[in-house]
file upload21.pdb (PDB, C-alpha atoms, pLDDT in the B column)
ATOM      1  CA  MET A   1      -0.951 -14.956  10.670  1.00 88.00           C
ATOM      2  CA  ASN A   2      -1.934 -15.227   7.013  1.00 92.00           C
ATOM      3  CA  TRP A   3       0.023 -18.365   6.189  1.00 93.00           C
ATOM      4  CA  LYS A   4      -0.840 -18.242   2.500  1.00 95.00           C
ATOM      5  CA  GLU A   5       0.840 -14.846   2.145  1.00 95.00           C
ATOM      6  CA  PHE A   6       3.665 -15.975   4.407  1.00 97.00           C
ATOM      7  CA  PHE A   7       4.559 -18.959   2.246  1.00 97.00           C
ATOM      8  CA  LYS A   8       4.092 -17.014  -0.994  1.00 96.00           C
ATOM      9  CA  THR A   9       6.584 -14.451   0.266  1.00 97.00           C
ATOM     10  CA  THR A  10       9.102 -16.996   1.529  1.00 97.00           C
ATOM     11  CA  ILE A  11       8.920 -19.069  -1.653  1.00 97.00           C
ATOM     12  CA  GLY A  12       9.205 -15.943  -3.780  1.00 97.00           C
ATOM     13  CA  MET A  13      12.309 -14.762  -1.930  1.00 97.00           C
ATOM     14  CA  TRP A  14      14.099 -18.101  -1.839  1.00 97.00           C
ATOM     15  CA  GLY A  15      12.822 -19.190  -5.248  1.00 97.00           C
ATOM     16  CA  THR A  16      14.312 -16.203  -7.055  1.00 98.00           C
ATOM     17  CA  PHE A  17      17.532 -16.591  -5.077  1.00 98.00           C
ATOM     18  CA  LEU A  18      17.828 -20.288  -5.957  1.00 98.00           C
ATOM     19  CA  LEU A  19      17.161 -19.471  -9.611  1.00 98.00           C
ATOM     20  CA  TYR A  20      20.032 -16.990  -9.579  1.00 98.00           C
ATOM     21  CA  LYS A  21      22.283 -19.407  -7.695  1.00 97.00           C
ATOM     22  CA  LEU A  22      21.531 -22.326  -9.987  1.00 98.00           C
ATOM     23  CA  ILE A  23      22.319 -20.313 -13.126  1.00 98.00           C
ATOM     24  CA  THR A  24      25.562 -18.859 -11.769  1.00 97.00           C
ATOM     25  CA  LEU A  25      26.799 -22.144 -10.287  1.00 97.00           C
ATOM     26  CA  LEU A  26      26.144 -23.950 -13.570  1.00 98.00           C
ATOM     27  CA  LEU A  27      28.174 -21.331 -15.420  1.00 97.00           C
ATOM     28  CA  LEU A  28      31.011 -21.425 -12.901  1.00 96.00           C
ATOM     29  CA  TYR A  29      31.302 -25.220 -12.988  1.00 97.00           C
ATOM     30  CA  ILE A  30      30.817 -25.576 -16.751  1.00 97.00           C
ATOM     31  CA  PHE A  31      33.453 -22.951 -17.521  1.00 96.00           C
ATOM     32  CA  PRO A  32      36.493 -23.486 -15.278  1.00 89.00           C
ATOM     33  CA  ASN A  33      38.139 -20.341 -13.850  1.00 91.00           C
ATOM     34  CA  LEU A  34      35.212 -18.150 -14.956  1.00 94.00           C
ATOM     35  CA  GLN A  35      34.871 -16.951 -11.366  1.00 92.00           C
ATOM     36  CA  GLU A  36      38.329 -15.360 -11.611  1.00 92.00           C
ATOM     37  CA  LYS A  37      37.622 -13.547 -14.875  1.00 94.00           C
ATOM     38  CA  SER A  38      36.704  -9.881 -14.682  1.00 95.00           C
ATOM     39  CA  PHE A  39      34.110 -10.120 -17.477  1.00 96.00           C
ATOM     40  CA  TYR A  40      32.120 -12.575 -15.336  1.00 96.00           C
ATOM     41  CA  GLU A  41      30.870  -9.588 -13.322  1.00 96.00           C
ATOM     42  CA  PHE A  42      29.028  -8.317 -16.418  1.00 97.00           C
ATOM     43  CA  ILE A  43      27.452 -11.745 -16.904  1.00 97.00           C
ATOM     44  CA  TYR A  44      26.520 -11.799 -13.223  1.00 97.00           C
ATOM     45  CA  PHE A  45      24.969  -8.336 -13.449  1.00 98.00           C
ATOM     46  CA  ALA A  46      22.914  -9.278 -16.495  1.00 98.00           C
ATOM     47  CA  ILE A  47      21.542 -12.361 -14.711  1.00 98.00           C
ATOM     48  CA  VAL A  48      20.536 -10.569 -11.518  1.00 98.00           C
ATOM     49  CA  PHE A  49      19.173  -7.568 -13.413  1.00 98.00           C
ATOM     50  CA  VAL A  50      16.748  -9.743 -15.379  1.00 98.00           C
ATOM     51  CA  ILE A  51      15.648 -11.572 -12.216  1.00 98.00           C
ATOM     52  CA  THR A  52      15.246  -8.222 -10.434  1.00 98.00           C
ATOM     53  CA  LEU A  53      12.877  -6.992 -13.157  1.00 98.00           C
ATOM     54  CA  PHE A  54      10.912 -10.217 -12.721  1.00 98.00           C
ATOM     55  CA  ILE A  55      10.665  -9.602  -8.941  1.00 98.00           C
ATOM     56  CA  PHE A  56       9.257  -6.115  -9.556  1.00 97.00           C
ATOM     57  CA  LYS A  57       6.540  -7.580 -11.754  1.00 97.00           C
ATOM     58  CA  MET A  58       5.959 -10.483  -9.363  1.00 97.00           C
ATOM     59  CA  SER A  59       5.335  -8.121  -6.436  1.00 97.00           C
ATOM     60  CA  THR A  60       2.672  -6.241  -8.392  1.00 96.00           C
ATOM     61  CA  LYS A  61       1.003  -9.414  -9.612  1.00 96.00           C
ATOM     62  CA  ILE A  62       1.045 -11.374  -6.344  1.00 96.00           C
ATOM     63  CA  PHE A  63       0.561  -8.626  -3.757  1.00 95.00           C
ATOM     64  CA  ASN A  64      -0.965  -5.905  -5.940  1.00 95.00           C
ATOM     65  CA  LYS A  65       1.666  -3.536  -4.593  1.00 94.00           C
ATOM     66  CA  LYS A  66       4.615  -2.013  -6.413  1.00 95.00           C
ATOM     67  CA  ILE A  67       8.127  -1.973  -5.002  1.00 96.00           C
ATOM     68  CA  VAL A  68       9.107   1.691  -4.878  1.00 95.00           C
ATOM     69  CA  ILE A  69      12.639   2.664  -5.909  1.00 95.00           C
ATOM     70  CA  ASN A  70      12.070   6.402  -6.449  1.00 93.00           C
ATOM     71  CA  PRO A  71      13.978   8.275  -3.675  1.00 91.00           C
ATOM     72  CA  ILE A  72      11.818  11.387  -4.044  1.00 85.00           C
ATOM     73  CA  LYS A  73       8.430   9.780  -3.470  1.00 78.00           C
ATOM     74  CA  ASN A  74       7.214  10.384   0.101  1.00 77.00           C
ATOM     75  CA  PHE A  75      10.520  12.086   0.903  1.00 79.00           C
ATOM     76  CA  LYS A  76      10.751  13.845   4.251  1.00 83.00           C
ATOM     77  CA  ILE A  77      13.641  15.921   5.560  1.00 86.00           C
ATOM     78  CA  SER A  78      13.489  13.924   8.798  1.00 82.00           C
ATOM     79  CA  ASN A  79      14.400  10.814   6.803  1.00 86.00           C
ATOM     80  CA  LEU A  80      17.926  12.183   6.457  1.00 90.00           C
ATOM     81  CA  LEU A  81      18.463  11.447  10.153  1.00 92.00           C
ATOM     82  CA  LEU A  82      17.932   7.765   9.374  1.00 94.00           C
ATOM     83  CA  LEU A  83      21.032   7.816   7.169  1.00 96.00           C
ATOM     84  CA  ILE A  84      23.486   8.809   9.911  1.00 96.00           C
ATOM     85  CA  VAL A  85      24.106   5.328  11.353  1.00 96.00           C
ATOM     86  CA  PRO A  86      24.303   3.597   7.933  1.00 97.00           C
ATOM     87  CA  PHE A  87      26.776   6.253   6.814  1.00 97.00           C
ATOM     88  CA  ILE A  88      28.953   5.697   9.883  1.00 96.00           C
ATOM     89  CA  LEU A  89      28.906   1.913   9.465  1.00 96.00           C
ATOM     90  CA  PHE A  90      29.357   1.750   5.679  1.00 96.00           C
ATOM     91  CA  GLY A  91      30.128   5.197   4.306  1.00 96.00           C
ATOM     92  CA  ILE A  92      33.278   6.069   6.245  1.00 95.00           C
ATOM     93  CA  ASP A  93      35.133   2.936   5.138  1.00 93.00           C
ATOM     94  CA  PHE A  94      33.962   3.528   1.590  1.00 95.00           C
ATOM     95  CA  ILE A  95      35.341   7.063   1.569  1.00 96.00           C
ATOM     96  CA  ALA A  96      38.674   5.726   2.793  1.00 95.00           C
ATOM     97  CA  ILE A  97      39.045   3.354  -0.171  1.00 94.00           C
ATOM     98  CA  ILE A  98      37.835   5.736  -2.881  1.00 95.00           C
ATOM     99  CA  PRO A  99      41.420   6.627  -3.929  1.00 95.00           C
ATOM    100  CA  SER A 100      42.229   2.920  -4.375  1.00 94.00           C
ATOM    101  CA  ILE A 101      39.034   2.331  -6.336  1.00 93.00           C
ATOM    102  CA  LEU A 102      39.666   5.285  -8.637  1.00 93.00           C
ATOM    103  CA  HIS A 103      43.264   4.170  -9.130  1.00 93.00           C
ATOM    104  CA  GLN A 104      42.012   1.178 -11.121  1.00 92.00           C
ATOM    105  CA  THR A 105      41.861   1.217 -14.887  1.00 95.00           C
ATOM    106  CA  PRO A 106      38.508   2.459 -16.288  1.00 95.00           C
ATOM    107  CA  TYR A 107      37.649  -1.108 -17.254  1.00 96.00           C
ATOM    108  CA  LEU A 108      38.262  -2.546 -13.772  1.00 95.00           C
ATOM    109  CA  LEU A 109      36.432   0.394 -12.227  1.00 96.00           C
ATOM    110  CA  LEU A 110      33.413  -0.521 -14.333  1.00 96.00           C
ATOM    111  CA  VAL A 111      33.815  -4.161 -13.275  1.00 96.00           C
ATOM    112  CA  SER A 112      33.812  -3.111  -9.610  1.00 95.00           C
ATOM    113  CA  VAL A 113      30.695  -0.988 -10.087  1.00 96.00           C
ATOM    114  CA  PHE A 114      28.746  -3.748 -11.868  1.00 97.00           C
ATOM    115  CA  SER A 115      29.757  -6.308  -9.235  1.00 95.00           C
ATOM    116  CA  ALA A 116      28.668  -4.138  -6.295  1.00 96.00           C
ATOM    117  CA  LEU A 117      25.555  -2.727  -7.955  1.00 97.00           C
ATOM    118  CA  GLY A 118      24.280  -6.112  -9.121  1.00 97.00           C
ATOM    119  CA  ALA A 119      24.190  -7.548  -5.601  1.00 96.00           C
ATOM    120  CA  ALA A 120      22.722  -4.361  -4.117  1.00 98.00           C
ATOM    121  CA  LEU A 121      19.932  -4.071  -6.679  1.00 98.00           C
ATOM    122  CA  PHE A 122      18.982  -7.756  -6.647  1.00 98.00           C
ATOM    123  CA  GLU A 123      19.113  -8.335  -2.907  1.00 98.00           C
ATOM    124  CA  GLU A 124      17.357  -5.122  -1.889  1.00 98.00           C
ATOM    125  CA  THR A 125      14.573  -5.707  -4.403  1.00 98.00           C
ATOM    126  CA  ARG A 126      14.175  -9.331  -3.348  1.00 98.00           C
ATOM    127  CA  ASP A 127      14.656  -9.180   0.409  1.00 97.00           C
ATOM    128  CA  ARG A 128      13.601  -5.679   1.401  1.00 97.00           C
ATOM    129  CA  GLY A 129      11.188  -4.857  -1.411  1.00 97.00           C
ATOM    130  CA  PHE A 130       9.371  -8.114  -2.160  1.00 98.00           C
ATOM    131  CA  GLY A 131       9.971  -9.569   1.301  1.00 97.00           C
ATOM    132  CA  ILE A 132       8.679  -6.628   3.312  1.00 97.00           C
ATOM    133  CA  VAL A 133       5.716  -6.062   1.009  1.00 96.00           C
ATOM    134  CA  GLY A 134       4.752  -9.718   1.312  1.00 97.00           C
ATOM    135  CA  PHE A 135       5.274 -10.165   5.037  1.00 97.00           C
ATOM    136  CA  SER A 136       3.409  -6.938   5.785  1.00 95.00           C
ATOM    137  CA  GLN A 137       0.361  -8.721   4.366  1.00 94.00           C
ATOM    138  CA  ALA A 138       1.142 -11.989   6.139  1.00 95.00           C
ATOM    139  CA  ILE A 139       1.900 -10.807   9.691  1.00 94.00           C
ATOM    140  CA  PRO A 140      -1.038  -9.326  11.627  1.00 89.00           C
ATOM    141  CA  ASN A 141      -0.955  -5.640  12.469  1.00 87.00           C
ATOM    142  CA  SER A 142       0.520  -5.049  15.885  1.00 86.00           C
ATOM    143  CA  LYS A 143       2.946  -2.656  17.498  1.00 88.00           C
ATOM    144  CA  TYR A 144       5.739  -5.177  16.885  1.00 91.00           C
ATOM    145  CA  GLN A 145       4.851  -6.004  13.280  1.00 94.00           C
ATOM    146  CA  ALA A 146       7.624  -3.883  11.763  1.00 95.00           C
ATOM    147  CA  PHE A 147      10.341  -5.358  13.979  1.00 96.00           C
ATOM    148  CA  MET A 148       9.137  -8.908  13.303  1.00 96.00           C
ATOM    149  CA  ILE A 149       9.245  -8.282   9.554  1.00 97.00           C
ATOM    150  CA  ALA A 150      12.743  -6.803   9.799  1.00 97.00           C
ATOM    151  CA  CYS A 151      13.970  -9.884  11.687  1.00 97.00           C
ATOM    152  CA  LEU A 152      12.290 -12.337   9.319  1.00 97.00           C
ATOM    153  CA  THR A 153      13.483 -10.749   6.079  1.00 98.00           C
ATOM    154  CA  SER A 154      16.996 -10.361   7.516  1.00 98.00           C
ATOM    155  CA  PHE A 155      17.080 -14.028   8.520  1.00 98.00           C
ATOM    156  CA  LEU A 156      16.050 -15.199   5.060  1.00 97.00           C
ATOM    157  CA  PHE A 157      18.514 -12.766   3.477  1.00 97.00           C
ATOM    158  CA  SER A 158      21.486 -13.723   5.648  1.00 97.00           C
ATOM    159  CA  THR A 159      21.054 -17.497   5.439  1.00 97.00           C
ATOM    160  CA  THR A 160      21.261 -17.435   1.638  1.00 96.00           C
ATOM    161  CA  HIS A 161      24.954 -16.678   2.071  1.00 96.00           C
ATOM    162  CA  TYR A 162      25.596 -20.233   3.298  1.00 96.00           C
ATOM    163  CA  LEU A 163      25.292 -21.311  -0.325  1.00 96.00           C
ATOM    164  CA  ASN A 164      28.503 -19.416  -1.076  1.00 95.00           C
ATOM    165  CA  LEU A 165      30.202 -22.569   0.197  1.00 95.00           C
ATOM    166  CA  LEU A 166      29.106 -24.251  -3.052  1.00 95.00           C
ATOM    167  CA  MET A 167      31.153 -21.917  -5.258  1.00 94.00           C
ATOM    168  CA  PRO A 168      34.163 -23.436  -7.087  1.00 93.00           C
ATOM    169  CA  ILE A 169      36.410 -20.982  -5.248  1.00 90.00           C
ATOM    170  CA  ALA A 170      34.672 -20.783  -1.910  1.00 91.00           C
ATOM    171  CA  PRO A 171      35.360 -18.844   1.291  1.00 91.00           C
ATOM    172  CA  THR A 172      36.084 -20.686   4.522  1.00 92.00           C
ATOM    173  CA  LEU A 173      33.246 -21.865   6.752  1.00 94.00           C
ATOM    174  CA  GLU A 174      34.191 -19.335   9.436  1.00 94.00           C
ATOM    175  CA  ALA A 175      34.195 -16.525   6.863  1.00 94.00           C
ATOM    176  CA  VAL A 176      30.722 -17.542   5.703  1.00 95.00           C
ATOM    177  CA  GLN A 177      29.444 -17.764   9.284  1.00 96.00           C
ATOM    178  CA  GLN A 178      30.687 -14.232   9.902  1.00 96.00           C
ATOM    179  CA  GLN A 179      29.117 -13.122   6.631  1.00 95.00           C
ATOM    180  CA  VAL A 180      25.769 -14.597   7.716  1.00 97.00           C
ATOM    181  CA  PHE A 181      26.026 -12.780  11.060  1.00 97.00           C
ATOM    182  CA  TYR A 182      27.045  -9.517   9.401  1.00 96.00           C
ATOM    183  CA  THR A 183      24.379  -9.631   6.704  1.00 97.00           C
ATOM    184  CA  PHE A 184      21.624 -10.374   9.211  1.00 98.00           C
ATOM    185  CA  PHE A 185      22.192  -7.099  11.029  1.00 97.00           C
ATOM    186  CA  MET A 186      22.973  -5.257   7.805  1.00 97.00           C
ATOM    187  CA  GLY A 187      19.594  -6.465   6.574  1.00 97.00           C
ATOM    188  CA  MET A 188      17.966  -5.045   9.700  1.00 98.00           C
ATOM    189  CA  ILE A 189      19.365  -1.604   8.888  1.00 98.00           C
ATOM    190  CA  PHE A 190      18.202  -1.774   5.282  1.00 98.00           C
ATOM    191  CA  ALA A 191      14.764  -2.952   6.434  1.00 98.00           C
ATOM    192  CA  VAL A 192      14.551   0.170   8.588  1.00 97.00           C
ATOM    193  CA  LEU A 193      15.465   2.350   5.624  1.00 96.00           C
ATOM    194  CA  TYR A 194      12.723   0.809   3.497  1.00 96.00           C
ATOM    195  CA  MET A 195      10.019   0.759   6.149  1.00 95.00           C
ATOM    196  CA  ARG A 196      10.679   4.322   7.277  1.00 93.00           C
ATOM    197  CA  THR A 197      11.128   5.878   3.814  1.00 94.00           C
ATOM    198  CA  GLY A 198       8.889   3.680   1.651  1.00 93.00           C
ATOM    199  CA  THR A 199      11.600   3.164  -0.982  1.00 96.00           C
ATOM    200  CA  ILE A 200      14.399   0.643  -1.511  1.00 97.00           C
ATOM    201  CA  PHE A 201      16.653   3.352  -2.961  1.00 97.00           C
ATOM    202  CA  TYR A 202      18.545   4.057   0.267  1.00 96.00           C
ATOM    203  CA  GLY A 203      19.065   0.364   0.946  1.00 97.00           C
ATOM    204  CA  ILE A 204      20.478  -0.063  -2.548  1.00 98.00           C
ATOM    205  CA  LEU A 205      22.734   2.957  -2.043  1.00 97.00           C
ATOM    206  CA  PHE A 206      24.291   1.762   1.211  1.00 97.00           C
ATOM    207  CA  HIS A 207      24.369  -1.856   0.068  1.00 98.00           C
ATOM    208  CA  PHE A 208      26.316  -0.708  -2.981  1.00 97.00           C
ATOM    209  CA  ILE A 209      28.681   1.357  -0.822  1.00 97.00           C
ATOM    210  CA  ASN A 210      29.213  -1.632   1.467  1.00 95.00           C
ATOM    211  CA  ASN A 211      30.009  -3.964  -1.447  1.00 95.00           C
ATOM    212  CA  MET A 212      32.132  -1.558  -3.473  1.00 94.00           C
ATOM    213  CA  SER A 213      35.829  -2.431  -3.449  1.00 91.00           C
ATOM    214  CA  VAL A 214      38.854  -2.789  -5.683  1.00 88.00           C
ATOM    215  CA  TRP A 215      38.154  -5.748  -7.969  1.00 87.00           C
ATOM    216  CA  THR A 216      40.479  -8.736  -7.797  1.00 85.00           C
ATOM    217  CA  PRO A 217      39.936 -12.358  -8.900  1.00 78.00           C
ATOM    218  CA  THR A 218      39.042 -13.210  -5.286  1.00 73.00           C
ATOM    219  CA  SER A 219      37.409  -9.931  -4.210  1.00 67.00           C
ATOM    220  CA  ASP A 220      34.010 -11.622  -3.943  1.00 68.00           C
ATOM    221  CA  LEU A 221      35.252 -13.941  -1.196  1.00 71.00           C
ATOM    222  CA  SER A 222      34.389 -12.909   2.353  1.00 71.00           C
ATOM    223  CA  THR A 223      37.228 -12.698   4.873  1.00 77.00           C
ATOM    224  CA  THR A 224      37.317 -13.135   8.640  1.00 87.00           C
ATOM    225  CA  SER A 225      37.420 -10.412  11.285  1.00 89.00           C
ATOM    226  CA  PRO A 226      37.738 -10.492  15.078  1.00 93.00           C
ATOM    227  CA  TRP A 227      34.380 -11.664  16.419  1.00 94.00           C
ATOM    228  CA  GLY A 228      34.391  -9.067  19.198  1.00 94.00           C
ATOM    229  CA  ASN A 229      34.569  -6.131  16.798  1.00 91.00           C
ATOM    230  CA  LEU A 230      31.998  -7.744  14.523  1.00 94.00           C
ATOM    231  CA  ILE A 231      29.492  -8.357  17.314  1.00 96.00           C
ATOM    232  CA  ILE A 232      29.750  -4.871  18.836  1.00 95.00           C
ATOM    233  CA  LEU A 233      30.048  -2.682  15.756  1.00 94.00           C
ATOM    234  CA  TYR A 234      28.001  -4.662  13.237  1.00 96.00           C
ATOM    235  CA  GLY A 235      25.703  -6.509  15.627  1.00 97.00           C
ATOM    236  CA  LEU A 236      24.883  -4.452  18.693  1.00 97.00           C
ATOM    237  CA  VAL A 237      24.852  -1.044  16.966  1.00 97.00           C
ATOM    238  CA  PRO A 238      22.476  -2.129  14.150  1.00 97.00           C
ATOM    239  CA  LEU A 239      20.231  -3.871  16.687  1.00 97.00           C
ATOM    240  CA  ILE A 240      19.882  -0.727  18.823  1.00 97.00           C
ATOM    241  CA  TYR A 241      19.334   1.347  15.668  1.00 97.00           C
ATOM    242  CA  THR A 242      16.594  -1.007  14.471  1.00 97.00           C
ATOM    243  CA  ILE A 243      14.797  -1.179  17.815  1.00 96.00           C
ATOM    244  CA  TRP A 244      14.842   2.602  18.117  1.00 95.00           C
ATOM    245  CA  CYS A 245      13.726   3.328  14.551  1.00 95.00           C
ATOM    246  CA  LEU A 246      10.986   0.690  14.553  1.00 94.00           C
ATOM    247  CA  ARG A 247       9.718   1.349  18.059  1.00 89.00           C
ATOM    248  CA  PRO A 248       5.923   1.010  18.142  1.00 81.00           C
ATOM    249  CA  LYS A 249       5.079   4.706  17.998  1.00 66.00           C
ATOM    250  CA  LYS A 250       6.964   5.176  14.725  1.00 58.00           C
ATOM    251  CA  SER A 251       5.120   4.777  11.423  1.00 50.00           C
ATOM    252  CA  PHE A 252       5.489   1.673   9.286  1.00 55.00           C
ATOM    253  CA  LEU A 253       6.136   1.807   5.553  1.00 54.00           C
ATOM    254  CA  ASN A 254       6.126   5.596   5.687  1.00 49.00           C
ATOM    255  CA  LYS A 255       2.327   5.738   6.077  1.00 46.00           C
TER     256      LYS A 255
END

call {"tool": "encode", "arguments": {"input": "upload21.pdb", "output": "structure tokens"}}
result
Amino acid sequence: MNWKEFFKTTIGMWGTFLLYKLITLLLLYIFPNLQEKSFYEFIYFAIVFVITLFIFKMSTKIFNKKIVINPIKNFKISNLLLLIVPFILFGIDFIAIIPSILHQTPYLLLVSVFSALGAALFEETRDRGFGIVGFSQAIPNSKYQAFMIACLTSFLFSTTHYLNLLMPIAPTLEAVQQQVFYTFFMGMIFAVLYMRTGTIFYGILFHFINNMSVWTPTSDLSTTSPWGNLIILYGLVPLIYTIWCLRPKKSFLNK
């Protein structure tokens, strides 16, 4: 284990997240009810977009490796098979709510897009892009390297959601615990997409689809679901998908 690279990656991931969280929490507490205002999503997007650009530059400077977002680079027809499970888990529900999304006013539709896209762009760049690039240099090459990196980046990604409890209008503890569980396995799927295609584009796409919803003043609050359904559909299925796609004989980082 290269501990220097390990800690640089971990600090980079959590450091940029804490920067984002500190800025947004300060705004939300300084300006009461800002969280319920639709225009806050544009402020939120601007904040995460700037930090995302910084992460791109940070990856090149620290690891001498660019985070690829171009979906065409290294594209293979076989990669389309990787999209089947993510589409089933995230795409079908999204298709079902498209009429409701499009029924919004053009302004609220734009608000919904900026809200969903901001999280997708920031988190995929930080956790899949920067995280996987960094940990691939920290964890020794082995047949289980890819799976270990997927687990580690997903853990760091999912646990950041505990800080949602600090928001002025916060979800319940159970809702956050389910969100942490859900995002861990969602992160595993997106790690597969990056490591097998070499680009964060597909992770951003499905992350956006997963987040996209009709905007309301409380639409950013996670809700609870039956644990049984959550564990089987969004726990067991992603785990099997990840183990299969990252099995030792498969290539890592689309090499």

call {"tool": "residues_around", "arguments": {"input": "upload21.pdb", "residues": "segment 142-152 of chain A", "least_positions_apart": "3", "cutoff": "12 Å", "atoms": "all atoms listed in the file", "output": "ChimeraX atom specification"}}
result
/A:1,6,9-10,13,127-139,155-159,183-196,238-254

call {"tool": "resolve_selection", "arguments": {"input": "upload21.pdb", "expression": "the PyMOL selection byres ((chain A and resi 87) around 12)", "output": "list in words"}}
result
Leu80, Leu81, Leu82, Leu83, Ile84, Val85, Pro86, Ile88, Leu89, Phe90, Gly91, Ile92, Asp93, Phe94, Ile95, Ile189, Phe190, Tyr202, Gly203, Leu205, Phe206, His207, Ile209, Asn210 and Pro238 of chain A

call {"tool": "resolve_selection", "arguments": {"input": "upload21.pdb", "expression": "the PyMOL selection byres ((chain A and resi 106-123) around 9)", "output": "PDB file with C-alpha atoms, keeping the file's coordinate frame"}}
result
ATOM      1  CA  PHE A  17      17.532 -16.591  -5.077  1.00 98.00           C
ATOM      2  CA  SER A  38      36.704  -9.881 -14.682  1.00 95.00           C
ATOM      3  CA  PHE A  39      34.110 -10.120 -17.477  1.00 96.00           C
ATOM      4  CA  TYR A  40      32.120 -12.575 -15.336  1.00 96.00           C
ATOM      5  CA  GLU A  41      30.870  -9.588 -13.322  1.00 96.00           C
ATOM      6  CA  PHE A  42      29.028  -8.317 -16.418  1.00 97.00           C
ATOM      7  CA  TYR A  44      26.520 -11.799 -13.223  1.00 97.00           C
ATOM      8  CA  PHE A  45      24.969  -8.336 -13.449  1.00 98.00           C
ATOM      9  CA  ALA A  46      22.914  -9.278 -16.495  1.00 98.00           C
ATOM     10  CA  ILE A  47      21.542 -12.361 -14.711  1.00 98.00           C
ATOM     11  CA  VAL A  48      20.536 -10.569 -11.518  1.00 98.00           C
ATOM     12  CA  PHE A  49      19.173  -7.568 -13.413  1.00 98.00           C
ATOM     13  CA  ILE A  51      15.648 -11.572 -12.216  1.00 98.00           C
ATOM     14  CA  THR A  52      15.246  -8.222 -10.434  1.00 98.00           C
ATOM     15  CA  LEU A  53      12.877  -6.992 -13.157  1.00 98.00           C
ATOM     16  CA  ILE A  55      10.665  -9.602  -8.941  1.00 98.00           C
ATOM     17  CA  ILE A 101      39.034   2.331  -6.336  1.00 93.00           C
ATOM     18  CA  LEU A 102      39.666   5.285  -8.637  1.00 93.00           C
ATOM     19  CA  HIS A 103      43.264   4.170  -9.130  1.00 93.00           C
ATOM     20  CA  GLN A 104      42.012   1.178 -11.121  1.00 92.00           C
ATOM     21  CA  THR A 105      41.861   1.217 -14.887  1.00 95.00           C
ATOM     22  CA  GLU A 124      17.357  -5.122  -1.889  1.00 98.00           C
ATOM     23  CA  THR A 125      14.573  -5.707  -4.403  1.00 98.00           C
ATOM     24  CA  ARG A 126      14.175  -9.331  -3.348  1.00 98.00           C
ATOM     25  CA  ASP A 127      14.656  -9.180   0.409  1.00 97.00           C
ATOM     26  CA  ARG A 128      13.601  -5.679   1.401  1.00 97.00           C
ATOM     27  CA  GLY A 129      11.188  -4.857  -1.411  1.00 97.00           C
ATOM     28  CA  PHE A 157      18.514 -12.766   3.477  1.00 97.00           C
ATOM     29  CA  ILE A 200      14.399   0.643  -1.511  1.00 97.00           C
ATOM     30  CA  PHE A 201      16.653   3.352  -2.961  1.00 97.00           C
ATOM     31  CA  GLY A 203      19.065   0.364   0.946  1.00 97.00           C
ATOM     32  CA  ILE A 204      20.478  -0.063  -2.548  1.00 98.00           C
ATOM     33  CA  LEU A 205      22.734   2.957  -2.043  1.00 97.00           C
ATOM     34  CA  PHE A 206      24.291   1.762   1.211  1.00 97.00           C
ATOM     35  CA  HIS A 207      24.369  -1.856   0.068  1.00 98.00           C
ATOM     36  CA  PHE A 208      26.316  -0.708  -2.981  1.00 97.00           C
ATOM     37  CA  ILE A 209      28.681   1.357  -0.822  1.00 97.00           C
ATOM     38  CA  ASN A 210      29.213  -1.632   1.467  1.00 95.00           C
ATOM     39  CA  ASN A 211      30.009  -3.964  -1.447  1.00 95.00           C
ATOM     40  CA  MET A 212      32.132  -1.558  -3.473  1.00 94.00           C
ATOM     41  CA  SER A 213      35.829  -2.431  -3.449  1.00 91.00           C
ATOM     42  CA  VAL A 214      38.854  -2.789  -5.683  1.00 88.00           C
ATOM     43  CA  TRP A 215      38.154  -5.748  -7.969  1.00 87.00           C
ATOM     44  CA  THR A 216      40.479  -8.736  -7.797  1.00 85.00           C
ATOM     45  CA  ASP A 220      34.010 -11.622  -3.943  1.00 68.00           C
TER      46      ASP A 220
END

call {"tool": "atom_distance", "arguments": {"input": "upload21.pdb", "atom1": "atom CA of Thr199 of chain A", "atom2": "atom CA of Ile69 of chain A"}}
result
5.1 Å

call {"tool": "closest_residue", "arguments": {"input": "upload21.pdb", "among": "A:Ile97, A:Ile30, A:Tyr182, A:Thr223", "to": "Leu236 of chain A", "atoms": "all atoms listed in the file"}}
result
A:Tyr182

call {"tool": "closest_residue", "arguments": {"input": "upload21.pdb", "among": "A:Pro140, A:Gly12, A:Pro217, A:Thr172", "to": "Ser59 of chain A", "atoms": "all atoms listed in the file"}}
result
A:Gly12

call {"tool": "residues_near_point", "arguments": {"input": "upload21.pdb", "point": "(35.1, -19.4, -4.3)", "cutoff": "8 Å", "atoms": "only C-alpha atoms", "output": "VMD selection string"}}
result
chain A and resid 35 164 to 171 218 220 to 221

call {"tool": "write_last_selection", "arguments": {"input": "upload21.pdb", "atoms": "C-alpha atoms", "output": "CSV table (one decimal), keeping the file's coordinate frame"}}
result
chain,number,residue,atom,x,y,z
A,35,GLN,CA,34.9,-17.0,-11.4
A,164,ASN,CA,28.5,-19.4,-1.1
A,165,LEU,CA,30.2,-22.6,0.2
A,166,LEU,CA,29.1,-24.3,-3.1
A,167,MET,CA,31.2,-21.9,-5.3
A,168,PRO,CA,34.2,-23.4,-7.1
A,169,ILE,CA,36.4,-21.0,-5.2
A,170,ALA,CA,34.7,-20.8,-1.9
A,171,PRO,CA,35.4,-18.8,1.3
A,218,THR,CA,39.0,-13.2,-5.3
A,220,ASP,CA,34.0,-11.6,-3.9
A,221,LEU,CA,35.3,-13.9,-1.2

call {"tool": "atom_distance", "arguments": {"input": "upload21.pdb", "atom1": "atom CA of Lys66 of chain A", "atom2": "atom CA of Val180 of chain A"}}
result
28.4 Å

call {"tool": "residues_around", "arguments": {"input": "upload21.pdb", "residues": "Gln178 of chain A", "least_positions_apart": "6", "cutoff": "9 Å", "atoms": "only C-alpha atoms", "output": "number ranges by chain"}}
result
A: 222-225, 227, 230

call {"tool": "atom_distance", "arguments": {"input": "upload21.pdb", "atom1": "atom CA of Thr160 of chain A", "atom2": "atom CA of Ile23 of chain A"}}
result
15.1 Å
